[in-house]
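Pasting data_5.txt here (compact mmCIF, C-alpha atoms and all ligand atoms):
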# COMPACT_ATOMS: atom_id res chain seq x y z
CA MET A 11 17.46 18.45 3.25
CA GLN A 12 16.19 21.72 1.82
CA ASP A 13 18.22 21.05 -1.29
CA MET A 14 16.95 17.51 -1.63
CA ALA A 15 13.38 18.71 -1.12
CA GLU A 16 13.76 21.24 -3.92
CA GLN A 17 15.14 18.61 -6.27
CA ILE A 18 12.26 16.27 -5.48
CA LEU A 19 9.72 19.02 -6.09
CA ALA A 20 11.48 19.69 -9.40
CA GLY A 21 10.82 16.05 -10.31
CA ASN A 22 14.43 14.91 -10.14
CA ARG A 23 14.31 11.13 -10.09
CA ARG A 24 17.76 10.55 -8.70
CA ALA A 25 16.87 12.76 -5.75
CA LEU A 26 13.61 10.85 -5.35
CA ALA A 27 15.42 7.50 -5.39
CA ARG A 28 17.94 8.78 -2.82
CA ALA A 29 15.14 10.09 -0.63
CA ILE A 30 13.36 6.73 -0.71
CA THR A 31 16.61 5.04 0.29
CA LEU A 32 16.81 7.51 3.16
CA VAL A 33 13.31 6.71 4.46
CA GLU A 34 14.08 3.00 4.16
CA SER A 35 17.20 3.27 6.29
CA GLY A 36 17.07 2.03 9.86
CA ARG A 37 19.87 4.32 11.09
CA ALA A 38 18.84 6.87 13.69
CA ASP A 39 20.59 9.80 11.94
CA HIS A 40 18.94 8.85 8.64
CA ARG A 41 15.58 8.67 10.38
CA ALA A 42 16.03 12.20 11.69
CA GLN A 43 16.94 13.43 8.21
CA ALA A 44 14.00 11.58 6.67
CA LEU A 45 11.59 13.21 9.11
CA GLU A 46 13.08 16.61 8.35
CA LEU A 47 12.76 16.00 4.62
CA LEU A 48 9.14 14.85 4.87
CA GLU A 49 8.34 17.86 7.03
CA THR A 50 9.99 20.22 4.53
CA LEU A 51 7.93 18.68 1.72
CA ARG A 52 4.65 18.84 3.59
CA GLY A 53 2.23 21.42 2.34
CA HIS A 54 2.82 21.15 -1.39
CA ASP A 55 -0.49 20.99 -3.22
CA ARG A 56 0.18 18.00 -5.43
CA GLN A 57 -2.16 15.09 -5.30
CA ALA A 58 -1.58 11.72 -6.88
CA LEU A 59 -4.19 9.02 -7.23
CA ARG A 60 -2.96 6.17 -5.05
CA ILE A 61 -4.05 2.80 -6.36
CA GLY A 62 -3.47 -0.37 -4.33
CA LEU A 63 -3.34 -3.62 -6.25
CA SER A 64 -3.38 -7.07 -4.75
CA GLY A 65 -3.62 -10.62 -6.01
CA THR A 66 -2.09 -14.03 -5.48
CA PRO A 67 1.20 -14.88 -7.19
CA GLY A 68 0.64 -15.83 -10.82
CA VAL A 69 -2.60 -13.92 -11.25
CA GLY A 70 -0.83 -11.40 -13.49
CA LYS A 71 -0.01 -8.42 -11.29
CA SER A 72 3.24 -7.47 -12.94
CA THR A 73 1.84 -8.09 -16.43
CA PHE A 74 -1.13 -5.89 -15.56
CA ILE A 75 1.00 -3.14 -14.02
CA GLU A 76 3.24 -3.11 -17.07
CA ALA A 77 0.26 -2.87 -19.44
CA PHE A 78 -1.75 -0.46 -17.32
CA GLY A 79 1.29 1.66 -16.47
CA CYS A 80 2.14 2.05 -20.15
CA PHE A 81 -1.50 2.82 -20.92
CA LEU A 82 -1.42 5.61 -18.33
CA THR A 83 1.88 7.09 -19.51
CA GLY A 84 0.36 6.94 -23.01
CA GLN A 85 -2.34 9.27 -21.66
CA GLY A 86 0.38 11.69 -20.64
CA LEU A 87 0.35 10.71 -16.98
CA LYS A 88 3.37 10.14 -14.76
CA VAL A 89 3.26 6.80 -12.99
CA ALA A 90 5.15 5.50 -9.96
CA VAL A 91 5.10 1.84 -8.96
CA LEU A 92 5.90 0.74 -5.41
CA ALA A 93 5.78 -2.75 -4.00
CA VAL A 94 4.99 -4.19 -0.61
CA ASP A 95 6.27 -7.69 -0.25
CA PRO A 96 6.15 -9.10 3.25
CA SER A 97 8.00 -12.21 2.13
CA SER A 98 10.99 -10.30 0.83
CA ALA A 99 12.48 -10.20 4.30
CA ARG A 100 12.75 -13.95 4.24
CA SER A 101 13.78 -14.49 0.65
CA GLY A 102 16.08 -11.48 0.62
CA GLY A 103 14.66 -10.62 -2.78
CA SER A 104 11.75 -8.49 -3.76
CA ILE A 105 8.81 -8.89 -6.05
CA LEU A 106 9.93 -6.06 -8.22
CA GLY A 107 13.60 -6.71 -7.79
CA ASP A 108 13.67 -8.39 -11.13
CA LYS A 109 12.90 -5.42 -13.28
CA THR A 110 12.79 -7.52 -16.43
CA ARG A 111 9.26 -8.31 -15.30
CA MET A 112 8.28 -4.82 -16.39
CA GLU A 113 10.70 -4.15 -19.13
CA ARG A 114 8.71 -1.64 -21.11
CA LEU A 115 7.56 0.35 -18.12
CA THR A 116 11.09 0.42 -16.71
CA ARG A 117 12.31 2.12 -19.86
CA ASP A 118 9.42 4.59 -19.93
CA LYS A 119 10.67 8.02 -18.90
CA ASN A 120 7.30 8.87 -17.36
CA ALA A 121 7.39 5.85 -15.08
CA PHE A 122 9.33 5.26 -11.87
CA ILE A 123 9.57 1.72 -10.48
CA ARG A 124 10.81 1.10 -6.99
CA PRO A 125 11.44 -2.43 -5.72
CA SER A 126 10.22 -3.39 -2.30
CA PRO A 127 12.74 -2.99 0.52
CA SER A 128 13.76 -6.05 2.49
CA GLN A 129 12.31 -5.56 5.92
CA SER A 130 11.71 -7.74 8.85
CA GLN A 131 8.48 -6.40 10.23
CA LEU A 132 5.28 -5.44 8.52
CA GLY A 133 5.09 -2.25 10.57
CA GLY A 134 8.43 -1.10 9.20
CA VAL A 135 7.35 -1.91 5.66
CA ALA A 136 4.16 0.07 6.14
CA ARG A 137 5.93 3.18 7.35
CA ARG A 138 8.51 3.11 4.58
CA THR A 139 5.87 2.53 1.92
CA ARG A 140 3.74 5.40 3.20
CA GLU A 141 6.71 7.69 3.20
CA ALA A 142 7.73 6.59 -0.29
CA ILE A 143 4.17 7.38 -1.43
CA ASP A 144 4.49 10.88 0.06
CA LEU A 145 7.79 11.39 -1.73
CA CYS A 146 6.40 10.24 -5.10
CA GLU A 147 3.44 12.53 -4.63
CA ALA A 148 5.73 15.47 -3.93
CA ALA A 149 7.76 14.58 -7.02
CA GLY A 150 4.66 15.18 -9.13
CA PHE A 151 3.52 11.69 -10.08
CA ASP A 152 -0.12 11.55 -11.15
CA VAL A 153 -0.73 7.92 -10.31
CA ILE A 154 1.01 5.77 -7.71
CA LEU A 155 0.46 2.03 -8.03
CA ILE A 156 1.17 0.06 -4.88
CA GLU A 157 1.47 -3.65 -5.54
CA THR A 158 1.20 -6.33 -2.92
CA VAL A 159 1.03 -10.09 -2.86
CA GLY A 160 -2.32 -11.28 -1.61
CA VAL A 161 -1.24 -12.77 1.64
CA GLY A 162 -2.06 -11.95 5.21
CA GLN A 163 -2.06 -8.44 6.51
CA SER A 164 -0.27 -6.82 3.63
CA GLU A 165 -3.55 -6.34 1.76
CA THR A 166 -5.18 -4.48 4.61
CA MET A 167 -2.07 -2.39 4.93
CA VAL A 168 -2.05 -1.40 1.26
CA ALA A 169 -5.79 -0.74 1.30
CA GLU A 170 -5.16 1.64 4.21
CA MET A 171 -2.75 3.69 2.11
CA SER A 172 -4.67 3.74 -1.16
CA ASP A 173 -7.42 5.91 -2.53
CA LEU A 174 -8.64 3.00 -4.64
CA PHE A 175 -8.06 -0.66 -3.98
CA LEU A 176 -8.10 -3.26 -6.75
CA LEU A 177 -8.10 -6.99 -6.43
CA LEU A 178 -6.81 -8.99 -9.37
CA LEU A 179 -8.35 -12.44 -9.77
CA ALA A 180 -7.97 -15.36 -12.15
CA PRO A 181 -10.79 -17.00 -14.10
CA ALA A 182 -12.10 -19.92 -12.07
CA GLY A 183 -14.11 -22.92 -13.03
CA GLY A 184 -17.34 -23.83 -11.32
CA ASP A 185 -18.76 -22.38 -8.19
CA GLU A 186 -15.65 -21.71 -6.14
CA LEU A 187 -15.30 -18.01 -5.67
CA GLN A 188 -11.62 -18.78 -5.26
CA GLY A 189 -11.92 -18.66 -1.53
CA VAL A 190 -11.57 -14.88 -1.56
CA LYS A 191 -12.21 -13.82 1.96
CA ARG A 192 -15.21 -11.67 2.57
CA GLY A 193 -13.12 -9.05 4.34
CA ILE A 194 -10.95 -8.62 1.28
CA MET A 195 -13.95 -8.40 -1.03
CA GLU A 196 -15.26 -5.67 1.25
CA MET A 197 -12.03 -3.72 0.97
CA ALA A 198 -11.94 -3.83 -2.82
CA ASP A 199 -13.36 -1.07 -4.99
CA ILE A 200 -12.92 -2.97 -8.24
CA LEU A 201 -12.38 -6.68 -8.83
CA LEU A 202 -10.47 -7.38 -12.00
CA ILE A 203 -10.81 -10.82 -13.53
CA ASN A 204 -7.60 -11.07 -15.52
CA LYS A 205 -6.69 -13.40 -18.39
CA ALA A 206 -9.95 -12.79 -20.25
CA ASP A 207 -8.42 -13.95 -23.52
CA GLY A 208 -8.09 -17.09 -25.66
CA ASP A 209 -9.44 -20.24 -24.08
CA LEU A 210 -9.96 -18.52 -20.75
CA LYS A 211 -12.18 -15.76 -22.06
CA THR A 212 -15.54 -17.49 -21.53
CA THR A 213 -14.57 -18.65 -18.06
CA ALA A 214 -13.39 -15.14 -17.21
CA ILE A 215 -16.71 -13.64 -18.25
CA ARG A 216 -18.61 -16.18 -16.16
CA THR A 217 -16.31 -15.67 -13.18
CA CYS A 218 -16.83 -11.94 -13.47
CA ALA A 219 -20.62 -12.40 -13.39
CA ASP A 220 -20.27 -14.63 -10.31
CA TYR A 221 -18.26 -11.98 -8.51
CA ALA A 222 -20.61 -9.23 -9.58
CA GLY A 223 -23.38 -11.28 -7.98
CA ALA A 224 -21.38 -11.74 -4.79
CA LEU A 225 -20.61 -8.01 -4.64
CA ARG A 226 -24.30 -7.16 -4.85
CA LEU A 227 -24.80 -9.12 -1.64
CA LEU A 228 -22.37 -6.93 0.29
CA ARG A 229 -23.86 -4.04 2.19
CA LYS A 230 -23.68 -0.74 0.41
CA ARG A 231 -20.86 1.51 1.54
CA PRO A 232 -21.52 5.22 1.99
CA GLN A 233 -18.35 6.08 0.10
CA ASP A 234 -19.60 4.43 -3.10
CA PRO A 235 -21.86 5.67 -5.86
CA GLU A 236 -24.42 3.29 -7.38
CA GLY A 237 -22.87 0.23 -8.99
CA PHE A 238 -19.68 0.05 -6.88
CA PRO A 239 -17.78 -2.01 -5.95
CA LYS A 240 -17.75 -3.64 -9.34
CA ALA A 241 -16.23 -6.55 -11.21
CA LEU A 242 -14.64 -6.22 -14.65
CA THR A 243 -12.77 -8.51 -17.01
CA VAL A 244 -9.39 -7.57 -18.39
CA SER A 245 -6.58 -9.12 -20.38
CA ALA A 246 -3.22 -7.79 -19.26
CA ILE A 247 -1.43 -9.71 -22.00
CA GLU A 248 -3.63 -8.50 -24.82
CA GLU A 249 -4.02 -5.12 -23.16
CA ASN A 250 -7.78 -5.36 -23.41
CA GLY A 251 -10.12 -3.59 -21.05
CA LEU A 252 -7.56 -1.14 -19.69
CA GLU A 253 -9.40 1.93 -20.90
CA LYS A 254 -12.62 0.67 -19.34
CA VAL A 255 -10.83 -0.01 -16.04
CA TRP A 256 -9.33 3.46 -16.02
CA GLY A 257 -12.73 4.97 -16.87
CA GLU A 258 -14.36 3.22 -13.92
CA MET A 259 -11.52 4.21 -11.60
CA THR A 260 -11.72 7.87 -12.53
CA ALA A 261 -15.53 7.83 -12.31
CA LEU A 262 -15.36 6.43 -8.79
CA ASN A 263 -12.59 8.78 -7.76
CA ASP A 264 -14.36 11.84 -9.19
CA TRP A 265 -17.52 10.94 -7.34
CA ARG A 266 -15.64 10.54 -4.06
CA GLN A 267 -13.79 13.82 -4.62
CA GLU A 268 -17.04 15.66 -5.24
CA ASN A 269 -18.77 14.14 -2.26
CA GLY A 270 -16.05 14.66 0.31
CA HIS A 271 -15.20 10.97 0.65
CA PHE A 272 -11.75 11.29 -0.84
CA GLU A 273 -10.55 13.76 1.79
CA ALA A 274 -12.38 11.90 4.54
CA ARG A 275 -10.68 8.65 3.59
CA ARG A 276 -7.22 10.23 3.57
CA ALA A 277 -7.90 11.85 6.94
CA ALA A 278 -9.05 8.53 8.42
CA GLN A 279 -5.96 6.85 7.01
CA ALA A 280 -3.65 9.47 8.52
CA ARG A 281 -5.27 8.89 11.89
CA PHE A 282 -5.05 5.11 11.49
CA TRP A 283 -1.31 5.28 10.75
CA PHE A 284 -0.61 7.68 13.59
CA GLU A 285 -2.27 5.32 16.05
CA ALA A 286 -0.62 2.27 14.51
CA GLU A 287 2.81 3.85 14.77
CA VAL A 288 2.36 4.84 18.41
CA ARG A 289 1.29 1.29 19.26
CA GLU A 290 4.09 -0.26 17.31
CA ARG A 291 6.79 1.96 18.78
CA LEU A 292 5.61 1.36 22.31
CA LEU A 293 5.71 -2.37 21.70
CA ALA A 294 9.17 -2.05 20.16
CA ARG A 295 10.45 -0.46 23.37
CA LEU A 296 9.57 -3.60 25.30
CA THR A 297 12.01 -5.57 23.22
CA ARG A 298 14.91 -3.15 23.70
CA GLU A 299 17.13 -2.24 26.61
CA PRO A 300 16.70 -0.90 29.21
CA VAL A 301 13.05 -1.92 29.29
CA LYS A 302 13.81 -5.47 28.23
CA GLY A 303 16.19 -5.99 31.15
CA ALA A 304 13.83 -4.36 33.64
CA MET A 305 11.09 -6.63 32.42
CA ARG A 306 13.28 -9.68 32.87
CA ALA A 307 14.15 -8.64 36.42
CA LEU A 308 10.55 -7.98 37.35
CA ALA A 309 9.47 -11.25 35.75
CA GLY A 310 11.94 -13.00 38.07
CA GLN A 311 10.33 -11.35 41.09
CA VAL A 312 6.89 -12.35 39.89
CA GLU A 313 8.05 -15.95 39.49
CA ASP A 314 9.47 -15.92 43.01
CA GLY A 315 6.21 -14.62 44.39
CA ARG A 316 7.82 -11.40 45.61
CA LEU A 317 5.58 -9.23 43.43
CA THR A 318 2.14 -9.82 42.03
CA PRO A 319 1.84 -9.64 38.23
CA SER A 320 -0.21 -6.46 38.54
CA ALA A 321 2.22 -4.72 40.87
CA ALA A 322 5.15 -5.65 38.64
CA ALA A 323 3.35 -4.37 35.53
CA GLU A 324 2.51 -1.16 37.37
CA GLU A 325 6.15 -0.66 38.32
CA LEU A 326 7.47 -1.37 34.84
CA LEU A 327 5.07 1.03 33.19
CA ARG A 328 5.64 3.77 35.77
CA GLU A 329 9.40 3.52 35.96
CA HIS A 330 10.29 2.73 32.40
CA LEU A 331 7.55 3.79 30.04
CA LEU A 332 6.73 7.09 31.71
CA MET A 333 3.15 6.18 32.31
CA GLU A 334 0.97 7.00 35.28
P1 LIG B 1 2.14 -12.04 -10.75
O1 LIG B 1 2.85 -13.12 -10.02
O2 LIG B 1 0.79 -11.79 -10.17
O3 LIG B 1 2.96 -10.77 -10.88
O4 LIG B 1 1.86 -12.60 -12.22
P2 LIG B 1 2.65 -12.35 -13.60
O5 LIG B 1 2.35 -11.01 -14.14
O6 LIG B 1 4.07 -12.71 -13.40
O7 LIG B 1 1.92 -13.41 -14.53
C1 LIG B 1 1.89 -14.80 -14.23
C2 LIG B 1 1.63 -15.60 -15.51
O8 LIG B 1 0.33 -15.29 -16.03
C3 LIG B 1 2.62 -15.27 -16.61
O9 LIG B 1 2.93 -16.46 -17.28
C4 LIG B 1 1.86 -14.32 -17.50
O10 LIG B 1 2.29 -14.40 -18.83
C5 LIG B 1 0.44 -14.83 -17.36
N1 LIG B 1 -0.54 -13.76 -17.60
C6 LIG B 1 -0.55 -12.54 -17.04
N2 LIG B 1 -1.55 -11.80 -17.52
C7 LIG B 1 -2.20 -12.58 -18.41
C8 LIG B 1 -3.34 -12.38 -19.27
O11 LIG B 1 -3.97 -11.31 -19.32
N3 LIG B 1 -3.72 -13.44 -20.04
C9 LIG B 1 -3.07 -14.62 -20.02
N4 LIG B 1 -3.54 -15.60 -20.83
N5 LIG B 1 -2.00 -14.84 -19.24
C10 LIG B 1 -1.56 -13.83 -18.45

Translate the structure of the given file into structure tokens.
Ligand code: GDP
Amino acid sequence: MQDMAEQILAGNRRALARAITLVESGRADHRAQALELLETLRGHDRQALRIGLSGTPGVGKSTFIEAFGCFLTGQGLKVAVLAVDPSSARSGGSILGDKTRMERLTRDKNAFIRPSPSQSQLGGVARRTREAIDLCEAAGFDVILIETVGVGQSETMVAEMSDLFLLLLAPAGGDELQGVKRGIMEMADILLINKADGDLKTTAIRTCADYAGALRLLRKRPQDPEGFPKALTVSAIEENGLEKVWGEMTALNDWRQENGHFEARRAAQARFWFEAEVRERLLARLTREPVKGAMRALAGQVEDGRLTPSAAAEELLREHLLME
């Protein structure tokens, strides 16, 4: 693991890819190695900007990431792209599995694209993504883009592992604010109205103004300077607005760095994930032997009226989960 750690720190991509495969593995011996590797890498002083990006299918996420990723590498930055796709477990595929979606970025030697692993539970996906982020950071990437499809809990999860969270939206006609949930608006730092080109340009500008209005109604967050969160238009296809987006992102990030909010956010996230993992692993034990069997047996006694539900719960927790 020492060797692998050194290769990762030296920026060796094959080592990085192997390490990500290791953290994605469900095997117990791999898990032990992964923990050792992550522990060995801890304490380096590299810091990437972690950018979460969400949006419904078809809104232009991969087109945007391709354009924005190339823009960033053009600035001399090293960019890693990770994906969180909760549906990939079902489909067996992954949103970035088809790398032709980001052909240019895939060929760029300053970019690293990693498809989303197929996983059954969101908790597992979260842990693997967090660990992949840590590995990319150790490997010296400047920016890590974490893409997710805008469904369910995956957005919250990605927001909880990002320094900045972007929501990509499509131009919309009329007064529908596309049913974007308030909670998601509140998580976003920047709303990007994509497809501001051709026939859609006018609509995109109007949609952007509508969102800007909606954002002004949200309560001000202490971690934001004046004017944030904000809405911007962009055209991923024409590669318009990328410089402006990057300018706003760095302005926000610089402000947070200078005012202690960057560190505070990362600390809160670390705590959040620690607590989430404890909860999740305790719950997982209930579904495995021997606890599962003990639970079944006690449930039988509760059904027969031999034990009260409370007494049975007490016994299970005391005997099998080492609790008082
Ligand atoms: P994803 O599902 O969110 O990853 O969306 P894609 O990047 O695959 O894009 C979905 C469709 O929208 C494709 O046909 C793209 O060509 C198109 N698209 C993406 N970005 C833009 C844009 O900036 N302008 C226009 N007009 N179309 C776009």

Collect all residues with atoms no farther than 10 Å from ligand LIG 1 (chain B), counting only C-alpha atoms and all ligand atoms, and output them as JSON, numbers by chain. {"A": [63, 64, 65, 66, 67, 68, 69, 70, 71, 72, 73, 74, 75, 76, 77, 105, 106, 111, 112, 157, 158, 159, 160, 178, 179, 180, 181, 203, 204, 205, 206, 207, 208, 209, 210, 211, 243, 244, 245, 246, 247, 248, 249, 250]}

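Picture a line from CA of Gln311 (chain A) to CA of Leu293 (chain A); it runs 21.9 Å.
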
Close residues, Lys230 (chain A) itself excluded, 12 Å, all atoms listed in the file, min 4 positions apart in chain, as a list in words: Glu196, Asp199, Leu225, Arg226, Asp234, Pro235, Glu236, Gly237, Phe238, Pro239 and Lys240 of chain A

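Among the candidates A:Cys80, A:Arg295, A:Gly62, A:Thr318, the one nearest to Ala198 (chain A) when counting all atoms listed in the file is A:Gly62.
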
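Distances here use only C-alpha atoms; by that measure, the residue among A:Thr31, A:Leu51, A:Cys218, A:His40 closest to Ser126 (chain A) is A:Thr31.
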
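Straight-line separation from CA of Asp39 (chain A) to CA of Leu92 (chain A): 24.5 Å.
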
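The shortest atom-to-atom distance to Arg28 (chain A), with all atoms listed in the file taken into account, belongs to A:Leu145 out of A:Ser164, A:Gly86, A:Ala224, A:Leu145.
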
Please rebuild region 242-252 of chain A with all heavy atoms and give the result as a CSV table (one decimal), in the coordinates of the input.
chain,number,residue,atom,x,y,z
A,242,LEU,N,-14.9,-6.4,-13.2
A,242,LEU,CA,-14.6,-6.2,-14.6
A,242,LEU,C,-13.7,-7.3,-15.1
A,242,LEU,O,-12.9,-7.8,-14.4
A,242,LEU,CB,-14.0,-4.9,-14.9
A,242,LEU,CG,-14.7,-3.6,-14.4
A,242,LEU,CD1,-13.7,-2.4,-14.5
A,242,LEU,CD2,-15.9,-3.3,-15.3
A,243,THR,N,-13.8,-7.6,-16.4
A,243,THR,CA,-12.8,-8.5,-17.0
A,243,THR,C,-11.7,-7.7,-17.7
A,243,THR,O,-11.9,-6.6,-18.1
A,243,THR,CB,-13.4,-9.5,-18.1
A,243,THR,OG1,-14.0,-8.7,-19.1
A,243,THR,CG2,-14.4,-10.4,-17.5
A,244,VAL,N,-10.5,-8.3,-17.8
A,244,VAL,CA,-9.4,-7.6,-18.4
A,244,VAL,C,-8.4,-8.6,-18.9
A,244,VAL,O,-8.4,-9.8,-18.5
A,244,VAL,CB,-8.7,-6.6,-17.3
A,244,VAL,CG1,-8.0,-7.4,-16.2
A,244,VAL,CG2,-7.8,-5.7,-18.0
A,245,SER,N,-7.7,-8.3,-20.0
A,245,SER,CA,-6.6,-9.1,-20.4
A,245,SER,C,-5.3,-8.3,-20.4
A,245,SER,O,-5.1,-7.4,-21.2
A,245,SER,CB,-6.8,-9.7,-21.8
A,245,SER,OG,-5.6,-10.2,-22.3
A,246,ALA,N,-4.5,-8.6,-19.4
A,246,ALA,CA,-3.2,-7.8,-19.3
A,246,ALA,C,-2.3,-8.1,-20.5
A,246,ALA,O,-1.7,-7.2,-21.0
A,246,ALA,CB,-2.5,-8.1,-18.0
A,247,ILE,N,-2.3,-9.3,-20.9
A,247,ILE,CA,-1.4,-9.7,-22.0
A,247,ILE,C,-1.9,-9.1,-23.3
A,247,ILE,O,-1.0,-8.5,-24.0
A,247,ILE,CB,-1.4,-11.2,-22.1
A,247,ILE,CG1,-0.3,-11.8,-21.1
A,247,ILE,CG2,-1.0,-11.7,-23.6
A,247,ILE,CD1,0.1,-13.2,-21.4
A,248,GLU,N,-3.1,-9.1,-23.6
A,248,GLU,CA,-3.6,-8.5,-24.8
A,248,GLU,C,-3.9,-7.0,-24.7
A,248,GLU,O,-4.3,-6.4,-25.6
A,248,GLU,CB,-4.9,-9.2,-25.3
A,248,GLU,CG,-4.6,-10.7,-25.7
A,248,GLU,CD,-5.7,-11.4,-26.4
A,248,GLU,OE1,-6.9,-10.9,-26.3
A,248,GLU,OE2,-5.5,-12.5,-27.0
A,249,GLU,N,-3.8,-6.5,-23.5
A,249,GLU,CA,-4.0,-5.1,-23.2
A,249,GLU,C,-5.5,-4.7,-23.5
A,249,GLU,O,-5.7,-3.6,-24.0
A,249,GLU,CB,-3.0,-4.2,-23.8
A,249,GLU,CG,-1.6,-4.7,-23.5
A,249,GLU,CD,-0.5,-3.7,-23.9
A,249,GLU,OE1,-0.8,-2.6,-24.2
A,249,GLU,OE2,0.7,-4.1,-23.9
A,250,ASN,N,-6.4,-5.6,-23.2
A,250,ASN,CA,-7.8,-5.4,-23.4
A,250,ASN,C,-8.5,-5.0,-22.1
A,250,ASN,O,-8.3,-5.6,-21.1
A,250,ASN,CB,-8.5,-6.6,-23.9
A,250,ASN,CG,-8.5,-6.6,-25.4
A,250,ASN,OD1,-8.6,-5.6,-26.0
A,250,ASN,ND2,-8.4,-7.8,-26.0
A,251,GLY,N,-9.3,-4.0,-22.2
A,251,GLY,CA,-10.1,-3.6,-21.0
A,251,GLY,C,-9.5,-2.5,-20.2
A,251,GLY,O,-10.1,-2.1,-19.2
A,252,LEU,N,-8.3,-2.1,-20.5
A,252,LEU,CA,-7.6,-1.1,-19.7
A,252,LEU,C,-8.3,0.2,-19.7
A,252,LEU,O,-8.3,0.9,-18.6
A,252,LEU,CB,-6.1,-1.0,-20.2
A,252,LEU,CG,-5.3,-2.3,-20.2
A,252,LEU,CD1,-3.9,-2.0,-20.8
A,252,LEU,CD2,-5.2,-2.9,-18.8
